[in-house]
Structures are given as structure tokens and as C-alpha cells.
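Engineer: Dropping in final.csv, with CSV, C-alpha atoms.
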```
chain,number,residue,atom,x,y,z
A,1,MET,CA,-26.5,29.3,-0.3
A,2,SER,CA,-27.1,26.3,1.9
A,3,LYS,CA,-25.5,26.0,5.3
A,4,LEU,CA,-25.5,22.2,5.2
A,5,HIS,CA,-22.1,20.6,5.2
A,6,PHE,CA,-21.6,16.9,4.9
A,7,THR,CA,-18.4,15.0,5.5
A,8,THR,CA,-17.6,11.4,4.6
A,9,LYS,CA,-17.2,9.1,7.6
A,10,HIS,CA,-14.1,7.0,7.4
A,11,ALA,CA,-13.8,3.8,9.4
A,12,ASN,CA,-10.9,3.1,11.7
A,13,GLU,CA,-9.9,0.3,14.1
A,14,ALA,CA,-12.0,1.7,16.9
A,15,THR,CA,-15.2,2.0,14.9
A,16,VAL,CA,-15.2,-1.3,13.1
A,17,GLN,CA,-17.6,-4.0,14.4
A,18,ARG,CA,-16.6,-7.5,13.3
A,19,ASN,CA,-18.9,-10.5,13.1
A,20,TRP,CA,-18.3,-14.2,12.7
A,21,TYR,CA,-19.8,-16.2,9.9
A,22,VAL,CA,-19.9,-19.9,9.1
A,23,VAL,CA,-20.0,-21.0,5.4
A,24,ASP,CA,-20.8,-24.6,4.5
A,25,GLY,CA,-18.8,-25.7,1.5
A,26,THR,CA,-21.0,-28.6,0.6
A,27,ASN,CA,-21.8,-28.6,-3.2
A,28,GLN,CA,-20.5,-25.0,-3.5
A,29,THR,CA,-18.5,-24.0,-6.6
A,30,VAL,CA,-15.0,-22.9,-5.4
A,31,GLY,CA,-14.7,-19.6,-7.4
A,32,ARG,CA,-18.2,-18.3,-6.7
A,33,MET,CA,-18.0,-19.1,-3.0
A,34,CYS,CA,-14.5,-17.7,-2.6
A,35,SER,CA,-15.3,-14.4,-4.3
A,36,ARG,CA,-18.1,-13.8,-1.9
A,37,ILE,CA,-15.9,-14.8,1.0
A,38,ALA,CA,-13.1,-12.4,-0.1
A,39,ALA,CA,-15.6,-9.5,-0.4
A,40,ILE,CA,-16.8,-10.1,3.2
A,41,LEU,CA,-13.1,-10.4,4.4
A,42,ARG,CA,-12.5,-7.0,2.9
A,43,GLY,CA,-15.6,-5.5,4.4
A,44,LYS,CA,-17.3,-4.6,1.2
A,45,ASN,CA,-20.7,-5.7,2.6
A,46,LYS,CA,-20.6,-2.9,5.1
A,47,ALA,CA,-21.9,0.7,4.6
A,48,TYR,CA,-18.7,2.1,6.2
A,49,TYR,CA,-16.3,0.2,3.9
A,50,THR,CA,-13.0,2.1,3.7
A,51,PRO,CA,-10.3,0.8,1.3
A,52,HIS,CA,-7.3,1.5,3.5
A,53,VAL,CA,-8.8,0.0,6.7
A,54,ASP,CA,-9.5,-3.7,7.5
A,55,THR,CA,-13.3,-3.5,8.0
A,56,GLY,CA,-14.0,-7.2,7.2
A,57,ASP,CA,-15.6,-10.0,9.2
A,58,TYR,CA,-14.3,-13.4,10.3
A,59,ILE,CA,-15.2,-16.4,8.1
A,60,ILE,CA,-15.2,-20.0,9.1
A,61,VAL,CA,-15.5,-22.5,6.2
A,62,ILE,CA,-16.6,-26.1,7.1
A,63,ASN,CA,-16.9,-29.2,4.9
A,64,CYS,CA,-14.2,-27.9,2.5
A,65,GLU,CA,-13.6,-31.4,1.2
A,66,LYS,CA,-17.1,-31.3,-0.4
A,67,VAL,CA,-16.6,-28.3,-2.7
A,68,LYS,CA,-16.6,-28.7,-6.4
A,69,LEU,CA,-14.9,-27.1,-9.4
A,70,SER,CA,-16.8,-26.3,-12.6
A,71,GLY,CA,-16.0,-27.9,-15.9
A,72,ASN,CA,-13.1,-30.3,-16.2
A,73,LYS,CA,-11.0,-28.3,-13.7
A,74,MET,CA,-10.9,-31.1,-11.1
A,75,ASP,CA,-8.9,-33.3,-13.6
A,76,GLN,CA,-7.0,-30.5,-15.5
A,77,LYS,CA,-6.3,-27.7,-13.0
A,78,VAL,CA,-2.7,-27.7,-11.8
A,79,TYR,CA,-1.5,-26.2,-8.5
A,80,ASP,CA,2.2,-25.2,-8.6
A,81,THR,CA,4.5,-24.7,-5.6
A,82,PHE,CA,8.1,-23.5,-5.8
A,83,SER,CA,10.7,-23.9,-3.1
A,84,GLY,CA,13.0,-21.2,-4.5
A,85,TYR,CA,15.8,-23.7,-5.3
A,86,PRO,CA,16.7,-25.0,-8.8
A,87,GLY,CA,14.4,-27.9,-9.7
A,88,GLY,CA,12.2,-27.1,-6.7
A,89,ARG,CA,9.0,-26.7,-8.7
A,90,LYS,CA,6.2,-29.2,-7.8
A,91,GLU,CA,2.9,-29.7,-9.6
A,92,GLU,CA,-0.2,-31.3,-8.3
A,93,LEU,CA,-3.6,-31.8,-9.9
A,94,ALA,CA,-6.7,-30.5,-8.1
A,95,THR,CA,-8.0,-34.1,-7.5
A,96,ASP,CA,-4.8,-35.1,-5.7
A,97,LEU,CA,-4.7,-31.8,-3.7
A,98,GLN,CA,-8.3,-32.3,-2.6
A,99,LYS,CA,-7.5,-35.8,-1.3
A,100,ARG,CA,-4.3,-34.7,0.5
A,101,ARG,CA,-5.1,-31.2,1.8
A,102,PRO,CA,-8.6,-30.0,0.8
A,103,GLU,CA,-8.5,-26.8,2.8
A,104,VAL,CA,-5.6,-25.5,0.6
A,105,ILE,CA,-7.9,-25.1,-2.5
A,106,ILE,CA,-10.1,-22.6,-0.7
A,107,GLU,CA,-7.3,-20.8,1.1
A,108,ARG,CA,-5.3,-20.3,-2.1
A,109,ALA,CA,-8.4,-19.1,-4.0
A,110,VAL,CA,-9.4,-16.6,-1.4
A,111,LYS,CA,-5.8,-15.4,-0.9
A,112,GLY,CA,-5.6,-14.7,-4.7
A,113,MET,CA,-8.7,-12.4,-4.5
A,114,LEU,CA,-7.4,-10.2,-1.6
A,115,PRO,CA,-5.0,-7.3,-1.9
A,116,LYS,CA,-1.3,-8.2,-2.2
A,117,ASN,CA,0.0,-6.0,0.6
A,118,ARG,CA,0.1,-5.8,4.4
A,119,LEU,CA,-3.6,-5.1,4.6
A,120,GLY,CA,-4.4,-8.2,2.5
A,121,ARG,CA,-2.2,-10.4,4.7
A,122,LYS,CA,-4.1,-9.0,7.8
A,123,MET,CA,-7.5,-9.8,6.1
A,124,TYR,CA,-6.4,-13.3,5.2
A,125,LYS,CA,-5.7,-14.1,8.8
A,126,LYS,CA,-9.5,-13.9,9.5
A,127,LEU,CA,-10.2,-16.9,7.3
A,128,PHE,CA,-10.5,-20.3,9.0
A,129,VAL,CA,-11.0,-23.4,6.8
A,130,TYR,CA,-11.8,-26.8,8.3
A,131,VAL,CA,-12.4,-30.4,7.0
A,132,GLY,CA,-15.6,-31.8,8.3
A,133,SER,CA,-18.5,-30.0,10.0
A,134,ASN,CA,-16.7,-29.3,13.4
A,135,HIS,CA,-14.7,-26.2,14.2
A,136,PRO,CA,-13.1,-24.9,17.4
A,137,HIS,CA,-14.8,-21.4,17.2
A,138,THR,CA,-18.1,-22.3,18.8
A,139,ALA,CA,-17.6,-19.6,21.5
A,140,GLN,CA,-17.8,-16.9,18.9
A,141,GLN,CA,-21.5,-17.8,18.1
A,142,ALA,CA,-21.0,-17.5,14.4
A,143,LYS,CA,-24.0,-16.8,12.2
A,144,GLU,CA,-24.6,-19.1,9.2
A,145,LEU,CA,-24.0,-17.4,5.8
A,146,LYS,CA,-26.0,-18.7,2.8
A,147,PHE,CA,-25.0,-18.1,-0.8
```
Will you turn the file into C-alpha cells for me?

Structural biologist:
Amino acid sequence: MSKLHFTTKHANEATVQRNWYVVDGTNQTVGRMCSRIAAILRGKNKAYYTPHVDTGDYIIVINCEKVKLSGNKMDQKVYDTFSGYPGGRKEELATDLQKRRPEVIIERAVKGMLPKNRLGRKMYKKLFVYVGSNHPHTAQQAKELKF
């Protein structure tokens, strides 16, 4: 019988190494881009991924106003908000939302792909979405991420 004994290494807050990445949203399809972003926010791209620990990296998305939706979604997709009061439901088409607040399209798509618990809310805070090509995180020396 072998004397070898292997144990699974679990990540914790002390062992996690977080990197910063910049994603350019120019001519990217929203769903495809956001699913890759959500996987990186969760830490699924790392060898020591642990489901109950936040092992993800920081993501900066620039040029979010230049993303595209496939098919006819730009004219047909409806974003709902509800205030909680009777009659407090508001609907907005994707074209109108992209003109008014283009960062919300990416933020809502990524948030829907993350876990719906404390850990998911912690992961979501590592996402930064900006209109235009400038962002205030230059000190972090983020690496460019290509899809």
C-alpha cells in the first residue's frame, strides 16, 4: 500500500492573489463578453478556484457605450425597474438605456451571472464600468484582456 497522501488545497483570503484587467467593450457582444467577465470575477480562471471563497480578479470595462446586442435585441429588449410601490414599474428599451446610461447594460448582465448571495455581492464590487476610454484606475497597472 502506498504511503502517499494528497490533500486538496483550498484557497482563503490570505492566499488569493488578485490581478487587475481592462476589457475594451468596442464591438463586443454583451452576453459573450459578460459571461467571460463573470467567470473571471468568480475566479474560475485560476487553478486554486474554491466555490465558497472570493478568488476573482478586478475587471475594468471601458468603452461600454460601444457594445452591441445580437439579433433585434437593441430594439426589442426591455429593461424593467420596480420601485416597490403600486404602479412603480418602469420599462425602458435597450436603445434608450444605452443612450441614457450605457454602463447599466453591462452591470446588470454581469450581476445576473454571479451568485445571488453575500459572496456574489462581494464579487460584483470588483467590477468597474466606464463610458469612454479613460478610467481612474491607472495606478493599478491593469493588464489588457482580449476575448

Engineer: Need the shell around range 58-63 of chain A: protein/DNA/RNA residues with any atom at most 9 Å away, counting only C-alpha atoms. Skip same-chain ones fewer than 3 positions apart. Format as an NGL selection string?

Structural biologist: :A and (18-26 or 37 or 40-41 or 66-67 or 103 or 106 or 123 or 125-135 or 137 or 142)

Engineer: Tell me which of A:Lys46, A:Lys68, A:Lys9, A:Lys143 sits closest to Arg32 in chain A, counting only C-alpha atoms.

Structural biologist: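 The shortest atom-to-atom distance to Arg32 in chain A comes from A:Lys68.
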
Engineer: Would you mind telling me which residue in A:Ala38, A:Gln76, A:His52, A:Gln28 lies nearest to Ala11 in chain A when using only C-alpha atoms?

Structural biologist: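 That would be A:His52, the residue with the smallest distance to Ala11 in chain A.
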
Engineer: I'd like the contact shell of Lys99 in chain A - 9 Å cut-off, all atoms listed in the file, skipping same-chain residues fewer than 4 positions apart - returned as a list in words.

Structural biologist: Glu65, Ala94 and Thr95 of chain A

Engineer: To one decimal in Å, tell me the separation between CA of Gly31 in chain A and CA of Pro51 in chain A.

Structural biologist: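 CA of Pro51 in chain A lies 22.6 Å from CA of Gly31 in chain A.
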
Engineer: With distances taken over all atoms listed in the file, which residue among A:Ser70, A:Ser35, A:Thr138, A:Asn45 lies nearest Arg108 in chain A?

Structural biologist: A:Ser35

Engineer: For a test of reading the model, state the distance in Å between CA of Ala109 in chain A and CA of Asn12 in chain A, rounded to one decimal.

Structural biologist: 27.3 Å

Engineer: Would you please work out which residue, of A:Cys64, A:Lys73, A:Gln140, A:Asp54, is nearest to Pro102 in chain A when using all atoms listed in the file?

Structural biologist: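 Counting all atoms listed in the file, the residue closest to Pro102 in chain A is A:Cys64.
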
Engineer: Between CA of Glu92 in chain A and CA of Asp80 in chain A, what distance in Å does the model show, to one decimal?

Structural biologist: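 Separation of CA of Glu92 in chain A and CA of Asp80 in chain A: 6.6 Å.
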
Engineer: Using all atoms listed in the file for the distances, tell me which of A:Cys34, A:Leu69, A:Gly88, A:His10 is nearest to Tyr48 in chain A.

Structural biologist: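 Comparing A:Cys34, A:Leu69, A:Gly88, A:His10 against Tyr48 in chain A, the winner is A:His10.
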
Engineer: In terms of the shortest atom-to-atom distance over only C-alpha atoms, which of A:Arg42, A:Thr55, A:Phe147, A:Pro86 is closest to Lys111 in chain A?

Structural biologist: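 Going through A:Arg42, A:Thr55, A:Phe147, A:Pro86 one by one, the smallest distance to Lys111 in chain A is for A:Arg42.
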
Engineer: Since the input lacks some atoms of range 79-90 of chain A, please model all heavy atoms and print them as a PDB file, keeping the file's coordinate frame.

Structural biologist:
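And here's part.pdb as it stands now:
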```
ATOM      1  N   TYR A  79      -1.950 -27.095  -9.559  1.00  0.00           N
ATOM      2  CA  TYR A  79      -1.500 -26.200  -8.500  1.00  0.00           C
ATOM      3  C   TYR A  79       0.052 -26.315  -8.449  1.00  0.00           C
ATOM      4  O   TYR A  79       0.594 -27.414  -8.298  1.00  0.00           O
ATOM      5  CB  TYR A  79      -2.083 -26.555  -7.167  1.00  0.00           C
ATOM      6  CG  TYR A  79      -3.541 -26.172  -7.056  1.00  0.00           C
ATOM      7  CD1 TYR A  79      -4.540 -27.068  -7.411  1.00  0.00           C
ATOM      8  CD2 TYR A  79      -3.915 -24.917  -6.625  1.00  0.00           C
ATOM      9  CE1 TYR A  79      -5.876 -26.712  -7.318  1.00  0.00           C
ATOM     10  CE2 TYR A  79      -5.248 -24.549  -6.524  1.00  0.00           C
ATOM     11  CZ  TYR A  79      -6.217 -25.457  -6.877  1.00  0.00           C
ATOM     12  OH  TYR A  79      -7.540 -25.096  -6.784  1.00  0.00           O
ATOM     13  N   ASP A  80       0.755 -25.193  -8.574  1.00  0.00           N
ATOM     14  CA  ASP A  80       2.200 -25.200  -8.600  1.00  0.00           C
ATOM     15  C   ASP A  80       2.712 -24.684  -7.202  1.00  0.00           C
ATOM     16  O   ASP A  80       2.131 -23.781  -6.601  1.00  0.00           O
ATOM     17  CB  ASP A  80       2.759 -24.210  -9.615  1.00  0.00           C
ATOM     18  CG  ASP A  80       2.622 -24.757 -11.014  1.00  0.00           C
ATOM     19  OD1 ASP A  80       2.488 -25.977 -11.152  1.00  0.00           O
ATOM     20  OD2 ASP A  80       2.649 -23.967 -11.965  1.00  0.00           O
ATOM     21  N   THR A  81       3.793 -25.276  -6.727  1.00  0.00           N
ATOM     22  CA  THR A  81       4.500 -24.700  -5.600  1.00  0.00           C
ATOM     23  C   THR A  81       6.001 -24.684  -6.001  1.00  0.00           C
ATOM     24  O   THR A  81       6.483 -25.517  -6.772  1.00  0.00           O
ATOM     25  CB  THR A  81       4.392 -25.634  -4.340  1.00  0.00           C
ATOM     26  OG1 THR A  81       4.806 -26.972  -4.659  1.00  0.00           O
ATOM     27  CG2 THR A  81       2.965 -25.650  -3.837  1.00  0.00           C
ATOM     28  N   PHE A  82       6.682 -23.676  -5.491  1.00  0.00           N
ATOM     29  CA  PHE A  82       8.100 -23.500  -5.800  1.00  0.00           C
ATOM     30  C   PHE A  82       8.866 -23.197  -4.587  1.00  0.00           C
ATOM     31  O   PHE A  82       8.549 -22.260  -3.846  1.00  0.00           O
ATOM     32  CB  PHE A  82       8.245 -22.373  -6.865  1.00  0.00           C
ATOM     33  CG  PHE A  82       9.656 -22.175  -7.325  1.00  0.00           C
ATOM     34  CD1 PHE A  82      10.341 -23.192  -7.962  1.00  0.00           C
ATOM     35  CD2 PHE A  82      10.306 -20.981  -7.123  1.00  0.00           C
ATOM     36  CE1 PHE A  82      11.643 -23.024  -8.392  1.00  0.00           C
ATOM     37  CE2 PHE A  82      11.613 -20.793  -7.544  1.00  0.00           C
ATOM     38  CZ  PHE A  82      12.286 -21.829  -8.177  1.00  0.00           C
ATOM     39  N   SER A  83       9.904 -24.000  -4.318  1.00  0.00           N
ATOM     40  CA  SER A  83      10.700 -23.900  -3.100  1.00  0.00           C
ATOM     41  C   SER A  83      11.688 -22.719  -3.168  1.00  0.00           C
ATOM     42  O   SER A  83      12.175 -22.259  -2.142  1.00  0.00           O
ATOM     43  CB  SER A  83      11.424 -25.165  -2.788  1.00  0.00           C
ATOM     44  OG  SER A  83      12.407 -25.392  -3.784  1.00  0.00           O
ATOM     45  N   GLY A  84      12.013 -22.255  -4.366  1.00  0.00           N
ATOM     46  CA  GLY A  84      13.000 -21.200  -4.500  1.00  0.00           C
ATOM     47  C   GLY A  84      14.365 -21.767  -4.940  1.00  0.00           C
ATOM     48  O   GLY A  84      15.274 -21.012  -5.272  1.00  0.00           O
ATOM     49  N   TYR A  85      14.516 -23.083  -4.921  1.00  0.00           N
ATOM     50  CA  TYR A  85      15.800 -23.700  -5.300  1.00  0.00           C
ATOM     51  C   TYR A  85      15.642 -24.234  -6.761  1.00  0.00           C
ATOM     52  O   TYR A  85      14.544 -24.499  -7.237  1.00  0.00           O
ATOM     53  CB  TYR A  85      16.069 -24.905  -4.395  1.00  0.00           C
ATOM     54  CG  TYR A  85      16.499 -24.480  -3.016  1.00  0.00           C
ATOM     55  CD1 TYR A  85      15.583 -24.403  -1.985  1.00  0.00           C
ATOM     56  CD2 TYR A  85      17.818 -24.141  -2.758  1.00  0.00           C
ATOM     57  CE1 TYR A  85      15.973 -24.004  -0.724  1.00  0.00           C
ATOM     58  CE2 TYR A  85      18.226 -23.737  -1.499  1.00  0.00           C
ATOM     59  CZ  TYR A  85      17.301 -23.672  -0.479  1.00  0.00           C
ATOM     60  OH  TYR A  85      17.690 -23.259   0.760  1.00  0.00           O
ATOM     61  N   PRO A  86      16.760 -24.398  -7.452  1.00  0.00           N
ATOM     62  CA  PRO A  86      16.700 -25.000  -8.800  1.00  0.00           C
ATOM     63  C   PRO A  86      16.091 -26.359  -8.776  1.00  0.00           C
ATOM     64  O   PRO A  86      16.467 -27.201  -7.963  1.00  0.00           O
ATOM     65  CB  PRO A  86      18.173 -25.030  -9.234  1.00  0.00           C
ATOM     66  CG  PRO A  86      18.863 -24.019  -8.393  1.00  0.00           C
ATOM     67  CD  PRO A  86      18.124 -23.988  -7.091  1.00  0.00           C
ATOM     68  N   GLY A  87      15.138 -26.575  -9.652  1.00  0.00           N
ATOM     69  CA  GLY A  87      14.400 -27.900  -9.700  1.00  0.00           C
ATOM     70  C   GLY A  87      13.436 -28.035  -8.571  1.00  0.00           C
ATOM     71  O   GLY A  87      12.957 -29.138  -8.338  1.00  0.00           O
ATOM     72  N   GLY A  88      13.099 -26.974  -7.865  1.00  0.00           N
ATOM     73  CA  GLY A  88      12.200 -27.100  -6.700  1.00  0.00           C
ATOM     74  C   GLY A  88      10.753 -26.806  -7.016  1.00  0.00           C
ATOM     75  O   GLY A  88       9.989 -26.478  -6.107  1.00  0.00           O
ATOM     76  N   ARG A  89      10.359 -26.948  -8.267  1.00  0.00           N
ATOM     77  CA  ARG A  89       9.000 -26.700  -8.700  1.00  0.00           C
ATOM     78  C   ARG A  89       8.201 -28.044  -8.606  1.00  0.00           C
ATOM     79  O   ARG A  89       8.643 -29.042  -9.159  1.00  0.00           O
ATOM     80  CB  ARG A  89       8.900 -26.139 -10.062  1.00  0.00           C
ATOM     81  CG  ARG A  89       7.508 -25.842 -10.535  1.00  0.00           C
ATOM     82  CD  ARG A  89       7.568 -25.058 -11.834  1.00  0.00           C
ATOM     83  NE  ARG A  89       6.244 -24.975 -12.422  1.00  0.00           N
ATOM     84  CZ  ARG A  89       5.906 -25.481 -13.594  1.00  0.00           C
ATOM     85  NH1 ARG A  89       6.813 -26.086 -14.326  1.00  0.00           N
ATOM     86  NH2 ARG A  89       4.686 -25.367 -14.049  1.00  0.00           N
ATOM     87  N   LYS A  90       7.059 -28.013  -7.912  1.00  0.00           N
ATOM     88  CA  LYS A  90       6.200 -29.200  -7.800  1.00  0.00           C
ATOM     89  C   LYS A  90       4.849 -28.882  -8.347  1.00  0.00           C
ATOM     90  O   LYS A  90       4.314 -27.807  -8.093  1.00  0.00           O
ATOM     91  CB  LYS A  90       6.101 -29.671  -6.368  1.00  0.00           C
ATOM     92  CG  LYS A  90       7.392 -30.159  -5.773  1.00  0.00           C
ATOM     93  CD  LYS A  90       7.195 -30.592  -4.344  1.00  0.00           C
ATOM     94  CE  LYS A  90       8.517 -30.980  -3.714  1.00  0.00           C
ATOM     95  NZ  LYS A  90       8.366 -31.285  -2.290  1.00  0.00           N
TER      96      LYS A  90
END
```
